[in-house]
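Following: one structure in structure tokens, then a few remarks.
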Amino acid sequence: MKRINSVFNLQIRCLFIAVCLFVCSSGLTIGETCSADGDCDTGLRCETCAANGNTRSRCVRIQPMNPTSKVKGLPFNQYSWLTTHNSYALSGAKSATGSAILAPTNQEDSVTSQLNNGVRGLMLDMYDFQNDIWLCHSIGGQCYNFTAFQPAINVLKEIQAFLEANTSEIVTIFIEDYVTSSQGLTKVFNASGLSKYLFPLSRMPKNGGDWPTVDDMVQKNQRLVVFTSKSSKEATEGIAYEWNYVVENQCEF
Ligand SMILES: *[C@@H]1O[C@H](CO)[C@@H](O)[C@H](O)[C@H]1NC(C)=O
Ligand SMILES: *[C@@H]1O[C@H](CO)[C@@H](O)[C@H](O)[C@H]1NC(C)=O
Ligand SMILES: *[C@@H]1O[C@H](CO)[C@@H](O)[C@H](O)[C@H]1NC(C)=O
């Protein structure tokens, strides 16, 4: 009896080891609690999400599906593109002025890393500051050393490098626009090398019509869509006023 038992136990143990080799080698899946990134499957990271009350670390996805890999050739507006809010407001960043940053931060990844991980929409707050255009998370339409992240051209150059390296990708920038200097946005876009990718205002559909297809935008190399929050910039700089082309749904957390 005892002997049979131990043979049985041995078999169970072998089975357990076999199951563990099979399951344990492929890490934890989405939503499972974890203690380090390495615990999770590839493409996942071990994170907490305080915003949804989730204070225990769980495996979360950091890369979305590329929407054009699911269905090709649709108008640009018929896809969903992952967009980050205050994309430049990197947690732990120090101001390029040398000051500590007292403004809230929203991101754990640089803009380059966001783009590489599938983000295709960036929300950037632009201000006149130190005779240049800066990305600041500020108040009252005025940038201060302690709310200034870095000159906008740095991040625009990161976007330029991504578009240059990835010739079939399309990126959208939503500018929260506090810039009042004359031609301020045009100058910084020109200087960054991004102007040649701009999708022209004249091709943006009014009255809710469909956009050109992604293939058409890629083929014409018009792969950067830019919106500003300042209505006057359409007339002065030919930059699309976002609420002439964009609708926003209600969102509750
Ligand atoms: C802000 O930072 C600049 C350096 O970029 C420095 O020259 C200036 O003194 C700082 N201003 C204040 C109020 O600290
Ligand atoms: C972008 O280009 C880089 C460099 O060629 C490449 O490693 C990366 O996979 C590309 N990303 C996308 C989304 O195509
Ligand atoms: C931006 O670049 C275009 C094309 O080179 C040029 O015609 C325009 O004058 C430039 N605008 C500014 C404000 O620098």
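By order of appearance in the structure tokens: chains A, B, ..., then residues from 1 within every chain, and ligands from 1 in the order shown.
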- request: Output as a ChimeraX atom specification all residues of segment 114-248 of chain A that backbone DSSP marks as strand (DSSP E or B).
  value: /A:121-129,132-136,139,142,148-151,171-178,198,213,224-228,240-241
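Around Asn244 of chain A, within 10 Å and counting only C-alpha atoms, the residues found are Met204, Pro205, Lys206, Asn207, Gly208, Phe227, Ser231 and Glu234 of chain A, once anything fewer than 5 positions away on its own chain is removed.
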- request: Enumerate as a PyMOL selection string all residues of segment 71-121 of chain A assigned to helix (DSSP H, G or I) by DSSP on the backbone, naming them with the chain letters and numbers the document uses.
  value: chain A and resi 76-78+111-116
Output for the residues just chosen: all heavy atoms as a compact mmCIF listing (two decimals), in the first residue's frame:
```txt
# COMPACT_ATOMS: atom_id res chain seq x y z
N PHE A 76 -8.76 57.12 -42.90
CA PHE A 76 -8.00 57.37 -41.67
C PHE A 76 -8.89 57.43 -40.43
O PHE A 76 -8.56 56.90 -39.37
CB PHE A 76 -7.23 58.69 -41.85
CG PHE A 76 -6.50 59.15 -40.64
CD1 PHE A 76 -5.42 58.44 -40.15
CD2 PHE A 76 -6.85 60.33 -40.01
CE1 PHE A 76 -4.71 58.88 -39.04
CE2 PHE A 76 -6.15 60.78 -38.90
CZ PHE A 76 -5.09 60.05 -38.41
N ASN A 77 -10.06 58.08 -40.57
CA ASN A 77 -10.94 58.28 -39.41
C ASN A 77 -11.67 57.01 -38.97
O ASN A 77 -12.31 57.00 -37.93
CB ASN A 77 -11.97 59.37 -39.72
CG ASN A 77 -12.79 59.07 -40.96
OD1 ASN A 77 -12.24 59.01 -42.06
ND2 ASN A 77 -14.08 58.86 -40.79
N GLN A 78 -11.59 55.94 -39.76
CA GLN A 78 -12.32 54.73 -39.38
C GLN A 78 -11.48 53.77 -38.54
O GLN A 78 -11.92 52.66 -38.23
CB GLN A 78 -12.89 54.04 -40.62
CG GLN A 78 -14.00 54.89 -41.24
CD GLN A 78 -14.74 54.17 -42.35
OE1 GLN A 78 -14.70 52.95 -42.47
NE2 GLN A 78 -15.44 54.94 -43.18
N VAL A 111 8.59 59.83 -25.50
CA VAL A 111 7.76 59.86 -26.71
C VAL A 111 8.27 58.83 -27.72
O VAL A 111 7.48 58.12 -28.34
CB VAL A 111 7.70 61.29 -27.29
CG1 VAL A 111 7.17 61.29 -28.72
CG2 VAL A 111 6.80 62.16 -26.40
N THR A 112 9.58 58.70 -27.87
CA THR A 112 10.13 57.68 -28.79
C THR A 112 9.67 56.29 -28.40
O THR A 112 9.21 55.52 -29.24
CB THR A 112 11.67 57.74 -28.79
OG1 THR A 112 12.06 58.99 -29.35
CG2 THR A 112 12.29 56.61 -29.60
N SER A 113 9.73 56.00 -27.13
CA SER A 113 9.33 54.67 -26.68
C SER A 113 7.82 54.48 -26.83
O SER A 113 7.36 53.40 -27.20
CB SER A 113 9.84 54.49 -25.25
OG SER A 113 8.99 53.71 -24.50
N GLN A 114 7.03 55.53 -26.59
CA GLN A 114 5.59 55.44 -26.84
C GLN A 114 5.32 55.11 -28.30
O GLN A 114 4.51 54.22 -28.62
CB GLN A 114 4.89 56.75 -26.47
CG GLN A 114 4.87 57.05 -24.98
CD GLN A 114 4.29 58.44 -24.69
OE1 GLN A 114 3.31 58.86 -25.30
NE2 GLN A 114 4.90 59.14 -23.77
N LEU A 115 5.98 55.82 -29.22
CA LEU A 115 5.77 55.58 -30.65
C LEU A 115 6.17 54.15 -31.01
O LEU A 115 5.44 53.45 -31.72
CB LEU A 115 6.57 56.59 -31.48
CG LEU A 115 6.06 58.04 -31.42
CD1 LEU A 115 7.08 58.99 -32.04
CD2 LEU A 115 4.70 58.19 -32.11
N ASN A 116 7.30 53.70 -30.49
CA ASN A 116 7.73 52.33 -30.78
C ASN A 116 6.77 51.29 -30.23
O ASN A 116 6.66 50.20 -30.77
CB ASN A 116 9.15 52.08 -30.23
CG ASN A 116 10.20 52.81 -31.04
OD1 ASN A 116 9.99 53.11 -32.22
ND2 ASN A 116 11.32 53.13 -30.43
```
List every residue of chain A that has an atom at most 10 Å from any atom of ligand 2, and for each one report the closest atom pair and its distance in Å to one decimal, counting only C-alpha atoms and all ligand atoms, with rows sorted by chain and then by increasing residue number, as JSON lines.
```
{"residue": "A:Asn66", "atom": "CA", "partner": "ligand 2", "partner_atom_place_in_ligand_line": "13 (C)", "distance": 8.0}
{"residue": "A:Leu115", "atom": "CA", "partner": "ligand 2", "partner_atom_place_in_ligand_line": "13 (C)", "distance": 7.5}
{"residue": "A:Asn116", "atom": "CA", "partner": "ligand 2", "partner_atom_place_in_ligand_line": "11 (N)", "distance": 5.8}
{"residue": "A:Asn117", "atom": "CA", "partner": "ligand 2", "partner_atom_place_in_ligand_line": "13 (C)", "distance": 7.4}
{"residue": "A:Gly118", "atom": "CA", "partner": "ligand 2", "partner_atom_place_in_ligand_line": "13 (C)", "distance": 6.4}
{"residue": "A:Val119", "atom": "CA", "partner": "ligand 2", "partner_atom_place_in_ligand_line": "13 (C)", "distance": 9.2}
{"residue": "A:Arg120", "atom": "CA", "partner": "ligand 2", "partner_atom_place_in_ligand_line": "13 (C)", "distance": 9.6}
{"residue": "A:Ala161", "atom": "CA", "partner": "ligand 2", "partner_atom_place_in_ligand_line": "2 (O)", "distance": 9.1}
{"residue": "A:Phe162", "atom": "CA", "partner": "ligand 2", "partner_atom_place_in_ligand_line": "1 (C)", "distance": 6.4}
{"residue": "A:Leu163", "atom": "CA", "partner": "ligand 2", "partner_atom_place_in_ligand_line": "1 (C)", "distance": 8.0}
{"residue": "A:Glu164", "atom": "CA", "partner": "ligand 2", "partner_atom_place_in_ligand_line": "2 (O)", "distance": 8.3}
{"residue": "A:Ala165", "atom": "CA", "partner": "ligand 2", "partner_atom_place_in_ligand_line": "2 (O)", "distance": 4.7}
{"residue": "A:Asn166", "atom": "CA", "partner": "ligand 2", "partner_atom_place_in_ligand_line": "1 (C)", "distance": 4.4}
{"residue": "A:Thr167", "atom": "CA", "partner": "ligand 2", "partner_atom_place_in_ligand_line": "14 (O)", "distance": 8.0}
{"residue": "A:Ser168", "atom": "CA", "partner": "ligand 2", "partner_atom_place_in_ligand_line": "14 (O)", "distance": 7.5}
{"residue": "A:Glu169", "atom": "CA", "partner": "ligand 2", "partner_atom_place_in_ligand_line": "14 (O)", "distance": 6.9}
{"residue": "A:Ile170", "atom": "CA", "partner": "ligand 2", "partner_atom_place_in_ligand_line": "13 (C)", "distance": 10.0}
```
Keeping only C-alpha atoms, write those residues as a CSV table (one decimal), in the first residue's frame.
```
chain,number,residue,atom,x,y,z
A,66,ASN,CA,-1.7,47.9,-34.9
A,115,LEU,CA,5.8,55.6,-30.6
A,116,ASN,CA,7.7,52.3,-30.8
A,117,ASN,CA,5.1,50.7,-28.6
A,118,GLY,CA,2.2,51.7,-30.9
A,119,VAL,CA,1.1,55.1,-29.7
A,120,ARG,CA,0.0,57.1,-32.8
A,161,ALA,CA,12.9,60.3,-36.7
A,162,PHE,CA,10.1,57.9,-36.2
A,163,LEU,CA,8.2,59.0,-39.3
A,164,GLU,CA,11.5,58.8,-41.3
A,165,ALA,CA,12.3,55.3,-40.1
A,166,ASN,CA,8.7,54.0,-40.4
A,167,THR,CA,7.4,55.1,-43.8
A,168,SER,CA,3.9,53.7,-43.5
A,169,GLU,CA,3.1,55.0,-40.1
A,170,ILE,CA,0.8,58.0,-39.5
```
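Near Ile62 of chain A, within 8 Å and counting only C-alpha atoms, sit Gly43, Leu44, Arg45 and Asn117 of chain A, not including residues fewer than 6 positions from it in the same chain.
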The selected residues should be written to file as a PDB file, in the first residue's frame (atoms: N, CA, C and O atoms).
```
ATOM      1  N   GLY A  43       5.618  41.359 -24.041  1.00  0.00           N
ATOM      2  CA  GLY A  43       4.649  42.393 -24.435  1.00  0.00           C
ATOM      3  C   GLY A  43       3.853  42.915 -23.241  1.00  0.00           C
ATOM      4  O   GLY A  43       3.069  43.832 -23.383  1.00  0.00           O
ATOM      5  N   LEU A  44       4.065  42.305 -22.060  1.00  0.00           N
ATOM      6  CA  LEU A  44       3.337  42.766 -20.863  1.00  0.00           C
ATOM      7  C   LEU A  44       4.345  43.330 -19.863  1.00  0.00           C
ATOM      8  O   LEU A  44       5.527  43.015 -19.897  1.00  0.00           O
ATOM      9  N   ARG A  45       3.823  44.160 -18.958  1.00  0.00           N
ATOM     10  CA  ARG A  45       4.659  44.731 -17.927  1.00  0.00           C
ATOM     11  C   ARG A  45       3.924  44.617 -16.600  1.00  0.00           C
ATOM     12  O   ARG A  45       2.705  44.554 -16.568  1.00  0.00           O
ATOM     13  N   ASN A 117       6.066  51.647 -29.158  1.00  0.00           N
ATOM     14  CA  ASN A 117       5.113  50.715 -28.564  1.00  0.00           C
ATOM     15  C   ASN A 117       3.700  50.858 -29.131  1.00  0.00           C
ATOM     16  O   ASN A 117       2.767  50.265 -28.610  1.00  0.00           O
TER      17      ASN A 117
END
```
message: Please identify all protein, DNA and RNA residues within 6 Å of ligand 3, counting only C-alpha atoms and all ligand atoms, and report them as an MDAnalysis selection string.
response: chainID A and resid 183 186:187 190
- line: Pairwise distance, atom 6 (C, counted along the ligand's line) of ligand 1 with atom CA of Tyr127 of chain A, equals 16.7 Å
statement: From the list A:Asn86, A:Thr172, A:Ser232, A:Asn221, the nearest residue to Val246 of chain A using only C-alpha atoms is A:Thr172
- request: Taking only C-alpha atoms and all ligand atoms into account, report as a list in words which residues have an atom no farther than 7 Å from an atom of ligand 1.
  value: Ala96, Thr97, Gly98, Ser99 and Asn145 of chain A
Atoms kept (all heavy atoms) for selection, written as a PDB file, in the first residue's frame:
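Dumped everything to out-v6.pdb:
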```
ATOM      1  N   ALA A  96      14.398  70.988 -18.355  1.00  0.00           N
ATOM      2  CA  ALA A  96      15.605  71.342 -19.110  1.00  0.00           C
ATOM      3  C   ALA A  96      16.141  72.708 -18.672  1.00  0.00           C
ATOM      4  O   ALA A  96      17.244  73.085 -19.050  1.00  0.00           O
ATOM      5  CB  ALA A  96      15.326  71.316 -20.606  1.00  0.00           C
ATOM      6  N   THR A  97      15.386  73.460 -17.874  1.00  0.00           N
ATOM      7  CA  THR A  97      15.904  74.710 -17.310  1.00  0.00           C
ATOM      8  C   THR A  97      16.855  74.413 -16.144  1.00  0.00           C
ATOM      9  O   THR A  97      17.535  75.313 -15.651  1.00  0.00           O
ATOM     10  CB  THR A  97      14.778  75.607 -16.747  1.00  0.00           C
ATOM     11  OG1 THR A  97      14.165  74.922 -15.641  1.00  0.00           O
ATOM     12  CG2 THR A  97      13.730  75.941 -17.783  1.00  0.00           C
ATOM     13  N   GLY A  98      16.853  73.177 -15.662  1.00  0.00           N
ATOM     14  CA  GLY A  98      17.661  72.815 -14.502  1.00  0.00           C
ATOM     15  C   GLY A  98      16.842  72.780 -13.223  1.00  0.00           C
ATOM     16  O   GLY A  98      17.279  72.244 -12.205  1.00  0.00           O
ATOM     17  N   SER A  99      15.642  73.341 -13.297  1.00  0.00           N
ATOM     18  CA  SER A  99      14.775  73.398 -12.123  1.00  0.00           C
ATOM     19  C   SER A  99      14.117  72.033 -11.865  1.00  0.00           C
ATOM     20  O   SER A  99      14.038  71.199 -12.762  1.00  0.00           O
ATOM     21  CB  SER A  99      13.705  74.458 -12.404  1.00  0.00           C
ATOM     22  OG  SER A  99      12.622  74.336 -11.533  1.00  0.00           O
ATOM     23  N   ASN A 145       9.774  77.935 -14.993  1.00  0.00           N
ATOM     24  CA  ASN A 145      10.845  76.933 -14.932  1.00  0.00           C
ATOM     25  C   ASN A 145      10.346  75.624 -14.318  1.00  0.00           C
ATOM     26  O   ASN A 145      10.704  74.554 -14.773  1.00  0.00           O
ATOM     27  CB  ASN A 145      12.019  77.458 -14.089  1.00  0.00           C
ATOM     28  CG  ASN A 145      12.884  78.448 -14.872  1.00  0.00           C
ATOM     29  OD1 ASN A 145      12.525  78.855 -15.968  1.00  0.00           O
ATOM     30  ND2 ASN A 145      14.018  78.828 -14.285  1.00  0.00           N
TER      31      ASN A 145
END
```
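When only C-alpha atoms are used to compute distances to Asp215 of chain A, the closest of the residues A:Ser195, A:Ser35, A:Thr68, A:Asn52 turns out to be A:Thr68.
Counting only C-alpha atoms and comparing A:Leu122, A:Val171, A:Ile239, A:Leu201, the residue that lies closest to Val218 of chain A is A:Val171.
Residue nearest Gly92 of chain A within the list A:Phe149, A:Gly73, A:Met123, A:Glu248: A:Phe149 [criterion: smallest interatomic distance, only C-alpha atoms].
Remark: for Gly31 of chain A, the closest of the candidate residues A:Cys59, A:Val179, A:Ala51, A:Cys46 is A:Cys59 (distances computed over only C-alpha atoms).
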- line: From atom CA of Trp81 of chain A to atom CA of Pro200 of chain A the spacing works out at 19.6 Å
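Among the candidates A:Ile159, A:Leu74, A:Ala240, A:Ala89, the residue lying nearest to Asp210 of chain A is A:Leu74 (atoms considered: only C-alpha atoms).
Distance-wise, atom CA of Lys233 of chain A and atom CA of Glu176 of chain A end up 12.1 Å apart.
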